[in-house]
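Asks: I'd like to ask some things about the structure below.
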Amino acid sequence: MTDSWRPPDVSTEGAEQLAGQRVLSGAEALAWGVTAAQVGLMTGYPGSPATSVYDAVVARGDASCRACWAPNEKVALEMAIGASLGGTRSLVVLKSVGLNVALDPLATVSYSGCHAGLVILLGDDPGGWGSQNEQDSRWLALAAEVPLVEPIEVASAASFMVQAFAWSEAIGLPVIVRVTASLLSRRETVLAPWEPPASHKRFAYKENRWVVLPATVVPRRRALHRKLRQMSRSLEASPYDRATVNTPRGVIAVGAAYPKLGAVLSDPDAYSVLGLASVHPLPEEALKLWLRHCQQVLVLEEGGPFVEQALRALVERLRLSVHILGRQNGVVPEEGELSAGDIEAALRLLAPEQQGTGASALRRELPSAAQLCEGCLYAPLFAALSSAVGRAGGRRHFLLVGETGCMVRAHEVEGLALDVKLSLGASLGLAMGLASTQDRQRVVALVGDSCLFHSEINGLPLAVELGLDLTVIILNNGVTGLTGGQPYPGAMAGGTSQRIVAVCAACGATPVAVAATEADALNDALTAALAEPGLQVVVVDAPCVRYRR
């Protein structure tokens, strides 16, 4: 941990360039670090807020880095692992709920390890501004037993990203870099990153080195724990943590909470402050030295009490007389993104005599009600579906299931309010469960094209085999529209459904393809799909008007 508490000046705006420095957003700074680290493969699955880093890397135009969106996060991580084993540094970009999908390979690669540097850029979403939950994905890193770090400032973010690859190669494990929207959008003067030696881009041959078998699980997990202890020792002297010792009143600001703390402190010298980037495993020896100067410690972090719980355990183990304040005892709200008001209220409990800066709340405005883009071809589709439902007896005769994506706009259409909507790729599975247990109402699943290739294709053969009475409407706009129009594997130029129809037919279904612009054919197809028994699949071509390809 290094000394001095003085957040960098962020008043400068624009694209000014200084000697070895640039004014960049957090996303651009991290992308600069990706380029400096000579990453050869970048993949992932789009989702806010992490996608901005992927876009920033692509914007840098580094021809040596192959960038491609995978069909889902599991495949993305497996591709990155393969590239790492082949000696090429690789980056996976995904959001909080995406790590759930990637957890299966992540929980095993920690046993086998990686070769060239492998980093997961993880965008968490405290407050749920663009997600169906506000999960704290650090608990998944703990479950998978892989290191996780969080940059505390944009100024050093480029070098921080390079360091993440260096840590990964030093211990032979993937490293998760966790970020949030507030840090990615923040602008600061960024120091030029250091550049590591190039990776040798060769597969490391050694018998059974990359083969994980039940017979080797226990010794490999023992080796994993040695690597985590090695990582902990590396973090003891990390230059990316910031520590000051001023008073017995301490504040630990983790990751993106550090600049937020700086924005509300009127007198930084009134507290001992620790900006903590080294999250898991914790640098316990450095923490112990800092904690011995404190009587009370407030823990500020985005998400759940992840560091707070570990800190409480450390204090108990060391028998330190330190009172910990945070989310667990209600000093910081358990829900939502940290705001200036949350931080100032918590600080007043430490030092009632201190006055806050009166900084305006850091909360972003709630997104407005979802609306279709002007000219969107989903509009005639939703209108036709609403009419078909009406002709078939009305809404009470149907259960309508949706999922994350543009098709969720159907919820705002009269007569089409969704009955069930959970997460990306969940529509078909939910609908299959409902259809297997309901005989009074026909179940209708709205499925997005990118969602189909993400995970729902796995359920379609089972729906055929079970002979379910189920209507599946696949909305094909040719892009991953809600996250910025990214391409997805399986998309056809112009949004045509040829590939989707072929895949569905290969699974045993008999799909009907129709264009959203062909009103009569669309009405006939939807009417038949709602009325006829068995599995009915309709693929509707509705090319995205905003992100044309």
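In the structure tokens, the first chain shown is A, the next is B, and so on; residue numbers restart at 1 for each chain, and ligands run from 1 in the order shown.
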List as a PyMOL selection string the protein and nucleic acid residues near A:Ala141, meaning an atom at most 10 Å away when only C-alpha atoms are counted, but skip any in the same chain fewer than 2 places from it.

Replies: chain A and resi 99+103+106-107+136-139+143-148+175-176+280

Asks: Please report, as CSV, each residue of stretch 142-208 of chain A lying at most 12 Å from stretch 285-309 of chain A, together with the nearest pair of atoms and the separation in Å rounded to one decimal; use only C-alpha atoms, and order rows by chain and ascending residue number.

Replies:
```
residue,atom,partner,partner_atom,distance
A:Leu142,CA,A:Phe306,CA,9.6
A:Leu148,CA,A:Val307,CA,11.5
A:Val149,CA,A:Val307,CA,11.5
A:Glu150,CA,A:Glu301,CA,10.4
A:Ile152,CA,A:Glu301,CA,10.8
A:Arg178,CA,A:Glu302,CA,10.5
A:Val179,CA,A:Glu302,CA,9.8
A:Thr180,CA,A:Glu302,CA,8.4
A:Ala181,CA,A:Glu302,CA,11.0
A:Ser182,CA,A:Glu302,CA,10.4
A:Leu183,CA,A:Glu302,CA,11.3
```

Asks: Nearest to A:Val211 among A:Tyr111, A:Trp129, A:Phe160, A:Tyr240, with distances taken over only C-alpha atoms: which residue is it?

Replies: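 Closest residue, counting only C-alpha atoms: A:Tyr111.
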
Asks: In Å, rounded to a single decimal, give me how far atom CA of A:Ala263 is from atom CA of A:Ala243.

Replies: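 Atom-to-atom, atom CA of A:Ala243 to atom CA of A:Ala263, that is 16.9 Å.
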
Asks: With a distance cut-off of 7 Å and only C-alpha atoms, select the neighbouring residues of stretch 462-473 of chain A, excluding the residue or stretch itself and same-chain residues fewer than 5 positions from it, and output the selection as a list in words.

Replies: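 In the requested form, the answer reads Met432, Ala435, Ser436, Arg442, Val443, Val444, Ala445, Leu446, Val447, Gly508, Ala509, Ala529, Leu530, Pro533, Gly534, Leu535, Gln536, Val537, Val538 and Val539 of chain A.
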
Asks: For the residues in the current selection, export N, CA, C and O atoms as a PDB file, in the first residue's frame.

Replies:
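Wrote it out as result_16.pdb, contents follow:
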```pdb
ATOM      1  N   MET A 432     -41.532 -23.703 -21.029  1.00  0.00           N
ATOM      2  CA  MET A 432     -41.631 -25.160 -21.039  1.00  0.00           C
ATOM      3  C   MET A 432     -42.148 -25.681 -19.702  1.00  0.00           C
ATOM      4  O   MET A 432     -42.977 -26.603 -19.651  1.00  0.00           O
ATOM      5  N   ALA A 435     -45.845 -24.793 -19.572  1.00  0.00           N
ATOM      6  CA  ALA A 435     -46.633 -25.597 -20.502  1.00  0.00           C
ATOM      7  C   ALA A 435     -46.772 -27.047 -20.046  1.00  0.00           C
ATOM      8  O   ALA A 435     -47.762 -27.718 -20.365  1.00  0.00           O
ATOM      9  N   SER A 436     -45.789 -27.524 -19.300  1.00  0.00           N
ATOM     10  CA  SER A 436     -45.848 -28.914 -18.837  1.00  0.00           C
ATOM     11  C   SER A 436     -46.780 -29.093 -17.651  1.00  0.00           C
ATOM     12  O   SER A 436     -47.095 -30.226 -17.277  1.00  0.00           O
ATOM     13  N   ARG A 442     -52.882 -21.393 -22.877  1.00  0.00           N
ATOM     14  CA  ARG A 442     -51.811 -21.644 -23.826  1.00  0.00           C
ATOM     15  C   ARG A 442     -50.620 -20.757 -23.443  1.00  0.00           C
ATOM     16  O   ARG A 442     -50.761 -19.566 -23.191  1.00  0.00           O
ATOM     17  N   VAL A 443     -49.432 -21.336 -23.416  1.00  0.00           N
ATOM     18  CA  VAL A 443     -48.228 -20.593 -23.052  1.00  0.00           C
ATOM     19  C   VAL A 443     -47.557 -20.089 -24.323  1.00  0.00           C
ATOM     20  O   VAL A 443     -47.377 -20.837 -25.291  1.00  0.00           O
ATOM     21  N   VAL A 444     -47.185 -18.807 -24.304  1.00  0.00           N
ATOM     22  CA  VAL A 444     -46.520 -18.177 -25.437  1.00  0.00           C
ATOM     23  C   VAL A 444     -45.170 -17.636 -24.958  1.00  0.00           C
ATOM     24  O   VAL A 444     -45.114 -16.863 -23.992  1.00  0.00           O
ATOM     25  N   ALA A 445     -44.102 -18.038 -25.612  1.00  0.00           N
ATOM     26  CA  ALA A 445     -42.757 -17.588 -25.251  1.00  0.00           C
ATOM     27  C   ALA A 445     -42.241 -16.634 -26.316  1.00  0.00           C
ATOM     28  O   ALA A 445     -42.186 -16.980 -27.496  1.00  0.00           O
ATOM     29  N   LEU A 446     -41.876 -15.419 -25.886  1.00  0.00           N
ATOM     30  CA  LEU A 446     -41.200 -14.478 -26.771  1.00  0.00           C
ATOM     31  C   LEU A 446     -39.701 -14.666 -26.588  1.00  0.00           C
ATOM     32  O   LEU A 446     -39.177 -14.498 -25.482  1.00  0.00           O
ATOM     33  N   VAL A 447     -39.010 -15.011 -27.658  1.00  0.00           N
ATOM     34  CA  VAL A 447     -37.591 -15.356 -27.594  1.00  0.00           C
ATOM     35  C   VAL A 447     -36.799 -14.430 -28.523  1.00  0.00           C
ATOM     36  O   VAL A 447     -37.143 -14.279 -29.700  1.00  0.00           O
ATOM     37  N   GLY A 508     -35.679 -30.488 -34.457  1.00  0.00           N
ATOM     38  CA  GLY A 508     -36.908 -31.268 -34.557  1.00  0.00           C
ATOM     39  C   GLY A 508     -38.166 -30.447 -34.651  1.00  0.00           C
ATOM     40  O   GLY A 508     -39.259 -31.004 -34.772  1.00  0.00           O
ATOM     41  N   ALA A 509     -38.041 -29.116 -34.592  1.00  0.00           N
ATOM     42  CA  ALA A 509     -39.209 -28.252 -34.715  1.00  0.00           C
ATOM     43  C   ALA A 509     -39.532 -28.014 -36.187  1.00  0.00           C
ATOM     44  O   ALA A 509     -38.728 -28.323 -37.079  1.00  0.00           O
ATOM     45  N   ALA A 529     -50.364 -20.336 -34.935  1.00  0.00           N
ATOM     46  CA  ALA A 529     -49.459 -20.740 -33.856  1.00  0.00           C
ATOM     47  C   ALA A 529     -50.136 -20.691 -32.496  1.00  0.00           C
ATOM     48  O   ALA A 529     -49.760 -21.442 -31.587  1.00  0.00           O
ATOM     49  N   LEU A 530     -51.141 -19.833 -32.336  1.00  0.00           N
ATOM     50  CA  LEU A 530     -51.855 -19.758 -31.064  1.00  0.00           C
ATOM     51  C   LEU A 530     -52.956 -20.802 -30.948  1.00  0.00           C
ATOM     52  O   LEU A 530     -53.375 -21.148 -29.832  1.00  0.00           O
ATOM     53  N   PRO A 533     -52.447 -27.334 -31.845  1.00  0.00           N
ATOM     54  CA  PRO A 533     -51.802 -28.042 -30.733  1.00  0.00           C
ATOM     55  C   PRO A 533     -50.328 -28.307 -31.025  1.00  0.00           C
ATOM     56  O   PRO A 533     -49.861 -28.170 -32.157  1.00  0.00           O
ATOM     57  N   GLY A 534     -49.612 -28.721 -29.988  1.00  0.00           N
ATOM     58  CA  GLY A 534     -48.206 -29.061 -30.142  1.00  0.00           C
ATOM     59  C   GLY A 534     -47.306 -27.844 -30.112  1.00  0.00           C
ATOM     60  O   GLY A 534     -47.727 -26.713 -29.832  1.00  0.00           O
ATOM     61  N   LEU A 535     -46.043 -28.081 -30.418  1.00  0.00           N
ATOM     62  CA  LEU A 535     -45.048 -27.011 -30.430  1.00  0.00           C
ATOM     63  C   LEU A 535     -45.133 -26.246 -31.736  1.00  0.00           C
ATOM     64  O   LEU A 535     -44.953 -26.821 -32.812  1.00  0.00           O
ATOM     65  N   GLN A 536     -45.401 -24.964 -31.647  1.00  0.00           N
ATOM     66  CA  GLN A 536     -45.501 -24.104 -32.813  1.00  0.00           C
ATOM     67  C   GLN A 536     -44.420 -23.026 -32.718  1.00  0.00           C
ATOM     68  O   GLN A 536     -44.351 -22.293 -31.733  1.00  0.00           O
ATOM     69  N   VAL A 537     -43.561 -22.953 -33.720  1.00  0.00           N
ATOM     70  CA  VAL A 537     -42.466 -21.992 -33.716  1.00  0.00           C
ATOM     71  C   VAL A 537     -42.626 -21.044 -34.899  1.00  0.00           C
ATOM     72  O   VAL A 537     -42.725 -21.486 -36.045  1.00  0.00           O
ATOM     73  N   VAL A 538     -42.663 -19.762 -34.594  1.00  0.00           N
ATOM     74  CA  VAL A 538     -42.756 -18.730 -35.631  1.00  0.00           C
ATOM     75  C   VAL A 538     -41.508 -17.852 -35.528  1.00  0.00           C
ATOM     76  O   VAL A 538     -41.209 -17.314 -34.456  1.00  0.00           O
ATOM     77  N   VAL A 539     -40.779 -17.716 -36.613  1.00  0.00           N
ATOM     78  CA  VAL A 539     -39.603 -16.851 -36.656  1.00  0.00           C
ATOM     79  C   VAL A 539     -39.979 -15.608 -37.453  1.00  0.00           C
ATOM     80  O   VAL A 539     -40.331 -15.706 -38.635  1.00  0.00           O
TER      81      VAL A 539
END
```

Asks: Which parts of stretch 88-162 of chain A does DSSP call strand (DSSP E) when run on the backbone here, written out as number ranges by chain?

Replies: A: 90-95, 118-123, 148-149

Asks: DSSP says helix (DSSP H, G or I) for which residues of stretch 306-337 of chain A? Put them as a list of chain:residue names?

Replies: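 Filtering stretch 306-337 of chain A down to helix (DSSP H, G or I) leaves A:Phe306, A:Val307, A:Glu308, A:Gln309, A:Ala310, A:Leu311, A:Arg312, A:Ala313, A:Leu314, A:Val315, A:Glu316, A:Arg317, A:Leu318.
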